[in-house]
$ cat my_file.txt   # compact mmCIF, C-alpha atoms
# COMPACT_ATOMS: atom_id res chain seq x y z
CA MET W 1 54.92 41.33 -59.67
CA GLY W 2 52.75 43.66 -61.74
CA ALA W 3 49.16 44.79 -61.45
CA ALA W 4 46.47 42.16 -60.96
CA VAL W 5 43.79 44.83 -61.41
CA ALA W 6 44.28 47.86 -63.65
CA PHE W 7 41.24 50.13 -64.05
CA GLU W 8 41.29 53.55 -65.70
CA GLY W 9 38.09 55.54 -66.12
CA VAL W 10 35.90 52.47 -65.59
CA VAL W 11 32.16 53.09 -65.96
CA ALA W 12 29.43 50.52 -65.25
CA LEU W 13 25.78 51.31 -65.89
CA LEU W 14 23.09 49.38 -64.02
CA ASP W 15 19.67 50.23 -65.45
CA ARG W 16 21.25 53.43 -66.80
CA PHE W 17 22.51 54.35 -63.33
CA PRO W 18 26.31 54.82 -63.16
CA ALA W 19 27.18 52.35 -60.37
CA LEU W 20 30.81 52.98 -61.31
CA ALA W 21 31.37 56.50 -62.56
CA GLY W 22 35.00 56.60 -63.65
CA VAL W 23 36.99 54.33 -61.34
CA ASP W 24 40.77 54.56 -61.40
CA LEU W 25 42.35 51.72 -59.42
CA SER W 26 45.50 49.62 -59.53
CA VAL W 27 45.96 46.57 -57.30
CA GLU W 28 49.26 44.74 -57.33
CA SER W 29 49.55 40.96 -57.46
CA GLY W 30 49.83 39.61 -53.93
CA GLU W 31 48.19 42.68 -52.40
CA MET W 32 45.23 42.68 -49.99
CA VAL W 33 42.88 45.63 -50.33
CA CYS W 34 39.88 46.57 -48.23
CA LEU W 35 37.05 48.42 -50.00
CA ARG W 36 35.15 50.88 -47.84
CA GLY W 37 32.32 53.32 -48.42
CA PRO W 38 28.62 53.92 -47.75
CA ASN W 39 25.85 51.75 -49.17
CA GLY W 40 25.48 52.42 -52.88
CA ALA W 41 29.06 53.64 -53.24
CA GLY W 42 29.88 50.95 -55.84
CA LYS W 43 31.80 48.39 -53.76
CA THR W 44 29.73 45.38 -54.83
CA THR W 45 29.68 46.49 -58.47
CA LEU W 46 33.46 46.91 -58.44
CA LEU W 47 33.94 43.36 -57.15
CA ARG W 48 31.53 41.98 -59.75
CA ALA W 49 33.28 43.99 -62.44
CA CYS W 50 36.62 42.42 -61.47
CA ALA W 51 34.95 39.01 -61.77
CA GLY W 52 33.90 39.74 -65.35
CA LEU W 53 30.20 39.84 -64.50
CA VAL W 54 29.42 43.46 -65.39
CA PRO W 55 29.66 45.11 -68.82
CA LEU W 56 32.07 48.04 -68.68
CA ARG W 57 33.13 51.16 -70.50
CA ALA W 58 36.67 52.22 -69.80
CA ALA W 59 39.94 53.60 -71.03
CA ARG W 60 41.43 50.43 -69.52
CA ALA W 61 39.92 47.54 -67.58
CA GLU W 62 42.19 44.56 -67.02
CA VAL W 63 42.30 41.77 -64.44
CA LEU W 64 45.28 39.42 -64.59
CA GLY W 65 46.03 40.84 -68.02
CA PHE W 66 42.58 39.96 -69.39
CA ASP W 67 40.88 42.83 -71.21
CA LEU W 68 37.39 43.06 -69.67
CA ILE W 69 36.14 45.28 -72.48
CA ALA W 70 37.05 42.86 -75.27
CA ASP W 71 36.34 39.61 -73.39
CA ARG W 72 35.11 39.54 -69.80
CA ARG W 73 34.39 35.80 -69.76
CA SER W 74 37.94 34.46 -69.92
CA VAL W 75 38.94 35.92 -66.55
CA ARG W 76 36.16 34.14 -64.65
CA ARG W 77 37.99 30.84 -64.23
CA HIS W 78 40.87 32.65 -62.54
CA VAL W 79 38.90 34.61 -59.94
CA GLY W 80 36.73 33.61 -57.00
CA LEU W 81 33.77 35.77 -55.99
CA LEU W 82 31.85 35.44 -52.74
CA GLY W 83 28.88 37.79 -52.70
CA HIS W 84 25.99 38.26 -50.33
CA ARG W 85 24.35 35.10 -51.64
CA THR W 86 26.19 31.81 -51.34
CA PRO W 87 26.47 30.01 -54.72
CA LEU W 88 25.56 26.53 -53.48
CA TYR W 89 23.22 23.74 -54.57
CA GLY W 90 20.43 23.40 -52.01
CA ASP W 91 19.75 19.73 -52.73
CA LEU W 92 23.36 18.62 -52.30
CA ARG W 93 24.74 17.49 -48.96
CA VAL W 94 27.68 19.45 -47.61
CA GLY W 95 30.19 16.72 -48.43
CA ASP W 96 28.81 16.34 -51.96
CA GLN W 97 29.02 20.10 -52.51
CA LEU W 98 32.68 20.10 -51.50
CA ARG W 99 33.46 17.15 -53.72
CA HIS W 100 31.65 18.84 -56.61
CA CYS W 101 33.80 21.95 -56.18
CA ALA W 102 36.93 19.81 -55.96
CA ALA W 103 36.07 18.04 -59.22
CA LEU W 104 35.49 21.37 -61.00
CA HIS W 105 38.87 22.70 -59.93
CA ASP W 106 40.91 19.49 -60.00
CA ALA W 107 41.60 19.64 -56.27
CA SER W 108 42.87 16.62 -54.38
CA GLY W 109 41.08 14.87 -51.53
CA VAL W 110 43.73 16.17 -49.16
CA GLU W 111 43.08 19.77 -50.26
CA THR W 112 39.33 19.30 -49.93
CA SER W 113 39.59 17.80 -46.45
CA ALA W 114 41.89 20.60 -45.35
CA ALA W 115 39.42 23.21 -46.59
CA ALA W 116 36.57 21.48 -44.75
CA ASP W 117 38.59 21.23 -41.54
CA ARG W 118 39.54 24.91 -41.69
CA PHE W 119 35.87 25.84 -41.39
CA SER W 120 34.83 23.00 -39.05
CA LEU W 121 32.81 21.13 -41.68
CA GLU W 122 33.02 17.63 -40.29
CA GLY W 123 31.09 14.66 -38.92
CA ARG W 124 27.33 14.65 -39.33
CA LEU W 125 27.36 18.14 -40.83
CA LEU W 126 28.84 16.70 -44.03
CA GLU W 127 25.63 14.69 -44.52
CA VAL W 128 23.25 17.64 -44.09
CA PRO W 129 21.61 19.08 -47.25
CA ILE W 130 22.67 22.65 -48.00
CA ARG W 131 19.06 23.87 -47.83
CA ARG W 132 18.87 22.89 -44.14
CA LEU W 133 21.94 24.85 -43.08
CA SER W 134 21.90 28.17 -41.25
CA GLU W 135 23.19 31.21 -43.13
CA GLY W 136 26.44 31.07 -41.18
CA GLN W 137 26.93 27.39 -42.03
CA ARG W 138 26.28 28.08 -45.71
CA ARG W 139 28.84 30.85 -45.59
CA ARG W 140 31.40 28.41 -44.19
CA VAL W 141 30.69 25.90 -46.96
CA ALA W 142 31.03 28.63 -49.60
CA LEU W 143 34.36 29.71 -48.13
CA ALA W 144 35.60 26.11 -48.11
CA CYS W 145 34.62 25.81 -51.77
CA LEU W 146 36.47 29.02 -52.56
CA THR W 147 39.52 27.60 -50.80
CA VAL W 148 39.32 24.47 -52.93
CA ALA W 149 39.08 26.59 -56.10
CA ARG W 150 42.44 28.30 -55.41
CA PRO W 151 41.62 31.51 -57.33
CA ARG W 152 44.37 33.91 -58.33
CA VAL W 153 42.15 36.83 -57.33
CA TRP W 154 39.81 36.61 -54.33
CA LEU W 155 36.80 38.94 -54.39
CA LEU W 156 34.70 38.98 -51.22
CA ASP W 157 31.67 41.10 -50.29
CA GLU W 158 31.20 41.41 -46.52
CA PRO W 159 33.04 38.09 -46.03
CA HIS W 160 32.73 38.01 -42.21
CA ALA W 161 28.95 38.43 -42.24
CA GLY W 162 27.08 35.60 -40.52
CA LEU W 163 30.24 33.90 -39.22
CA ASP W 164 30.97 33.07 -35.60
CA HIS W 165 34.19 34.24 -33.96
CA ALA W 166 36.12 31.05 -34.73
CA SER W 167 35.09 31.10 -38.39
CA ARG W 168 36.04 34.78 -38.68
CA ASP W 169 39.49 33.96 -37.36
CA ALA W 170 39.74 31.06 -39.79
CA LEU W 171 38.80 33.38 -42.66
CA ASP W 172 41.42 35.94 -41.66
CA MET W 173 44.08 33.22 -41.62
CA LEU W 174 42.87 31.89 -44.97
CA LEU W 175 43.15 35.30 -46.64
CA GLY W 176 46.60 35.81 -45.16
CA ASP W 177 47.68 32.41 -46.47
CA ALA W 178 46.27 33.22 -49.92
CA VAL W 179 48.27 36.44 -50.13
CA GLU W 180 51.42 34.66 -48.93
CA ALA W 181 50.92 32.19 -51.76
CA GLY W 182 50.81 35.07 -54.25
CA ALA W 183 47.07 35.58 -54.69
CA THR W 184 45.43 39.00 -54.72
CA VAL W 185 42.58 39.72 -52.29
CA MET W 186 39.94 42.45 -52.49
CA PHE W 187 37.14 42.54 -49.96
CA ALA W 188 34.38 45.00 -49.13
CA THR W 189 33.34 45.52 -45.53
CA HIS W 190 31.68 47.94 -43.15
CA GLU W 191 33.67 46.51 -40.24
CA THR W 192 36.73 48.37 -39.00
CA GLY W 193 38.87 46.21 -36.71
CA ARG W 194 39.32 43.20 -38.97
CA ALA W 195 39.81 45.34 -42.04
CA ARG W 196 42.73 47.08 -40.36
CA VAL W 197 44.31 43.79 -39.29
CA ALA W 198 43.97 42.09 -42.66
CA ALA W 199 44.47 44.69 -45.38
CA ALA W 200 47.60 46.64 -46.19
CA ARG W 201 45.61 49.23 -48.14
CA GLN W 202 42.18 50.75 -47.76
CA VAL W 203 40.29 52.07 -50.79
CA THR W 204 37.24 54.24 -50.21
CA LEU W 205 34.51 54.60 -52.82
CA VAL W 206 31.97 57.41 -52.89
CA GLY W 207 29.43 57.87 -55.67
CA GLY W 208 31.00 55.22 -57.87
CA ARG W 209 34.49 56.74 -57.74
CA VAL W 210 37.62 56.11 -55.70
CA SER W 211 37.83 59.02 -53.28
CA LEU W 212 40.76 57.75 -51.19
CA SER W 213 43.45 55.09 -51.40
CA ALA W 214 45.78 54.85 -48.43
CA SER W 215 47.59 52.44 -46.15
CA ALA W 216 45.17 50.82 -43.70
CA PRO W 217 45.20 52.35 -40.17
CA GLU W 218 47.08 50.47 -37.48
CA THR W 219 45.06 48.05 -35.34
CA GLY W 220 43.52 49.87 -32.44
CA SER W 221 43.82 53.29 -34.12
CA SER W 222 40.90 55.64 -33.69
CA ALA W 223 41.11 56.69 -37.34
CA ASP W 224 38.32 55.40 -39.56
CA VAL W 225 37.18 55.97 -43.09
CA ALA W 226 33.45 55.34 -43.53
$ encode --input "my_file.txt" --output "C-alpha cells"
Amino acid sequence: MGAAVAFEGVVALLDRFPALAGVDLSVESGEMVCLRGPNGAGKTTLLRACAGLVPLRAARAEVLGFDLIADRRSVRRHVGLLGHRTPLYGDLRVGDQLRHCAALHDASGVETSAAADRFSLEGRLLEVPIRRLSEGQRRRVALACLTVARPRVWLLDEPHAGLDHASRDALDMLLGDAVEAGATVMFATHETGRARVAAARQVTLVGGRVSLSASAPETGSSADVA
C-alpha cells in the first residue's frame, strides 16, 4: 500500500536542542508501530513531527505523501494526535464536545453514538462539563473524539495512561479496528504487555535516533526493549 510515513535524516530542534537527530523511519500504510525508548529519547517529538506540528530539517520527511518541509499544515486534517494533554473544551458538556467533533469531521449521529458507547460515555455523564471530569474520563472523551475524526494516521502518546481496564481493552480493540480499516497507527508507550499484543513492529529511539526496528516480541515473552 506504500509508506504512510517516510523519514530520512529528519532533524528537529527544540530550543536549539536536537530532539530528533537524524531519524530514518518508514511506516507502511495499515501498519501499527509501537515507539519505545527512555524519557527524552524523542518519541513525543516524533509523533508531533508526523502531525505537522514541528519544524523539520530532513533529506525527506513525508506523511501520506505530504512534504513536511515544504508544507507541514496540509497533513494535519488527515492525522489524529492524542498527546499527554487532552484537547478538549472545559466549558462544554461531554455530549456537546462529541457533537462538536462530529460536526468538524462530518460524522453521522450513528458514528458519534458508537464512539461514545465504545468508551462508556452515556447517561448523566454526557451532561457533565469537561472541566469536572477526572483525567481518565477526559481521556475517554478524547479517544471518542479521535474515533469520530476517522484519521488516516493515528498518533498516540502513552494512550493507555489514566484508563481503567475496560477502557484499555476498548482502546486496544479500537486501534485494531482502525488498522483493519486501512489506517496507520503509531503509539509511544513505556508499557510492555499491551505493546506486544497490539503492535506488529517495535521501534526504539535513543538520543533522537532510531536505534532498533524489529518485530514486536510475542505476548508473554521475557524479551523487552526499554
$ closest_atom_pairs --input "my_file.txt" --of "region 86-166 of chain W" --to "region 3-23 of chain W" --cutoff "12 Å" --atoms "all atoms listed in the file" --output "JSON lines"
{"residue": "W:Arg152", "atom": "CA", "partner": "W:Ala4", "partner_atom": "CA", "distance": 8.9}
{"residue": "W:Val153", "atom": "CA", "partner": "W:Ala4", "partner_atom": "CA", "distance": 7.8}
{"residue": "W:Trp154", "atom": "CA", "partner": "W:Ala4", "partner_atom": "CA", "distance": 10.9}
{"residue": "W:Leu155", "atom": "CA", "partner": "W:Val5", "partner_atom": "CA", "distance": 11.5}
$ write_last_selection --input "my_file.txt" --atoms "C-alpha atoms" --output "PDB file, keeping the file's coordinate frame"
ATOM      1  CA  ARG W 152      44.370  33.910 -58.330  1.00  0.00           C
ATOM      2  CA  VAL W 153      42.150  36.830 -57.330  1.00  0.00           C
ATOM      3  CA  TRP W 154      39.810  36.610 -54.330  1.00  0.00           C
ATOM      4  CA  LEU W 155      36.800  38.940 -54.390  1.00  0.00           C
TER       5      LEU W 155
END
$ closest_residue --input "my_file.txt" --among "W:Arg138, W:Leu104, W:Leu82, W:Leu174" --to "Arg118 (chain W)" --atoms "all atoms listed in the file"
W:Leu174
$ closest_residue --input "my_file.txt" --among "W:Leu64, W:Val179, W:Ala59, W:Ala200" --to "Arg150 (chain W)" --atoms "only C-alpha atoms"
W:Val179
$ residues_around --input "my_file.txt" --residues "region 212-215 of chain W" --least-positions-apart "6" --cutoff "7 Å" --atoms "only C-alpha atoms" --output "count of residues only"
5
$ closest_residue --input "my_file.txt" --among "W:Arg140, W:His100, W:Arg77, W:His190" --to "Asp169 (chain W)" --atoms "all atoms listed in the file"
W:Arg140
$ residues_around --input "my_file.txt" --residues "Cys50 (chain W)" --least-positions-apart "4" --cutoff "9 Å" --atoms "all atoms listed in the file" --output "VMD selection string"
chain W and resid 5 45 to 46 54 61 to 63 68 72 75 to 76 79 153 155
$ residues_around --input "my_file.txt" --residues "Leu143 (chain W)" --least-positions-apart "2" --cutoff "9 Å" --atoms "all atoms listed in the file" --output "PyMOL selection string"
chain W and resi 82+115+119+138-141+145-148+159+171
$ write_last_selection --input "my_file.txt" --atoms "C-alpha atoms" --output "JSON list (two decimals), in the frame of the given file"
[["chain", "number", "residue", "atom", "x", "y", "z"],
["W", 82, "LEU", "CA", 31.85, 35.44, -52.74],
["W", 115, "ALA", "CA", 39.42, 23.21, -46.59],
["W", 119, "PHE", "CA", 35.87, 25.84, -41.39],
["W", 138, "ARG", "CA", 26.28, 28.08, -45.71],
["W", 139, "ARG", "CA", 28.84, 30.85, -45.59],
["W", 140, "ARG", "CA", 31.40, 28.41, -44.19],
["W", 141, "VAL", "CA", 30.69, 25.90, -46.96],
["W", 145, "CYS", "CA", 34.62, 25.81, -51.77],
["W", 146, "LEU", "CA", 36.47, 29.02, -52.56],
["W", 147, "THR", "CA", 39.52, 27.60, -50.80],
["W", 148, "VAL", "CA", 39.32, 24.47, -52.93],
["W", 159, "PRO", "CA", 33.04, 38.09, -46.03],
["W", 171, "LEU", "CA", 38.80, 33.38, -42.66]]
$ residues_around --input "my_file.txt" --residues "Pro38 (chain W)" --least-positions-apart "3" --cutoff "10 Å" --atoms "only C-alpha atoms" --output "PyMOL selection string"
chain W and resi 41-43+189-190+204-207+225-226
$ closest_residue --input "my_file.txt" --among "W:Arg36, W:Gly52, W:Arg57, W:Pro87" --to "Asp71 (chain W)" --atoms "only C-alpha atoms"
W:Gly52
$ atom_distance --input "my_file.txt" --atom1 "CA of Cys34 (chain W)" --atom2 "CA of Ala199 (chain W)"
5.7 Å
$ closest_residue --input "my_file.txt" --among "W:Leu81, W:Ala70, W:Val210, W:Leu88" --to "Leu53 (chain W)" --atoms "only C-alpha atoms"
W:Leu81
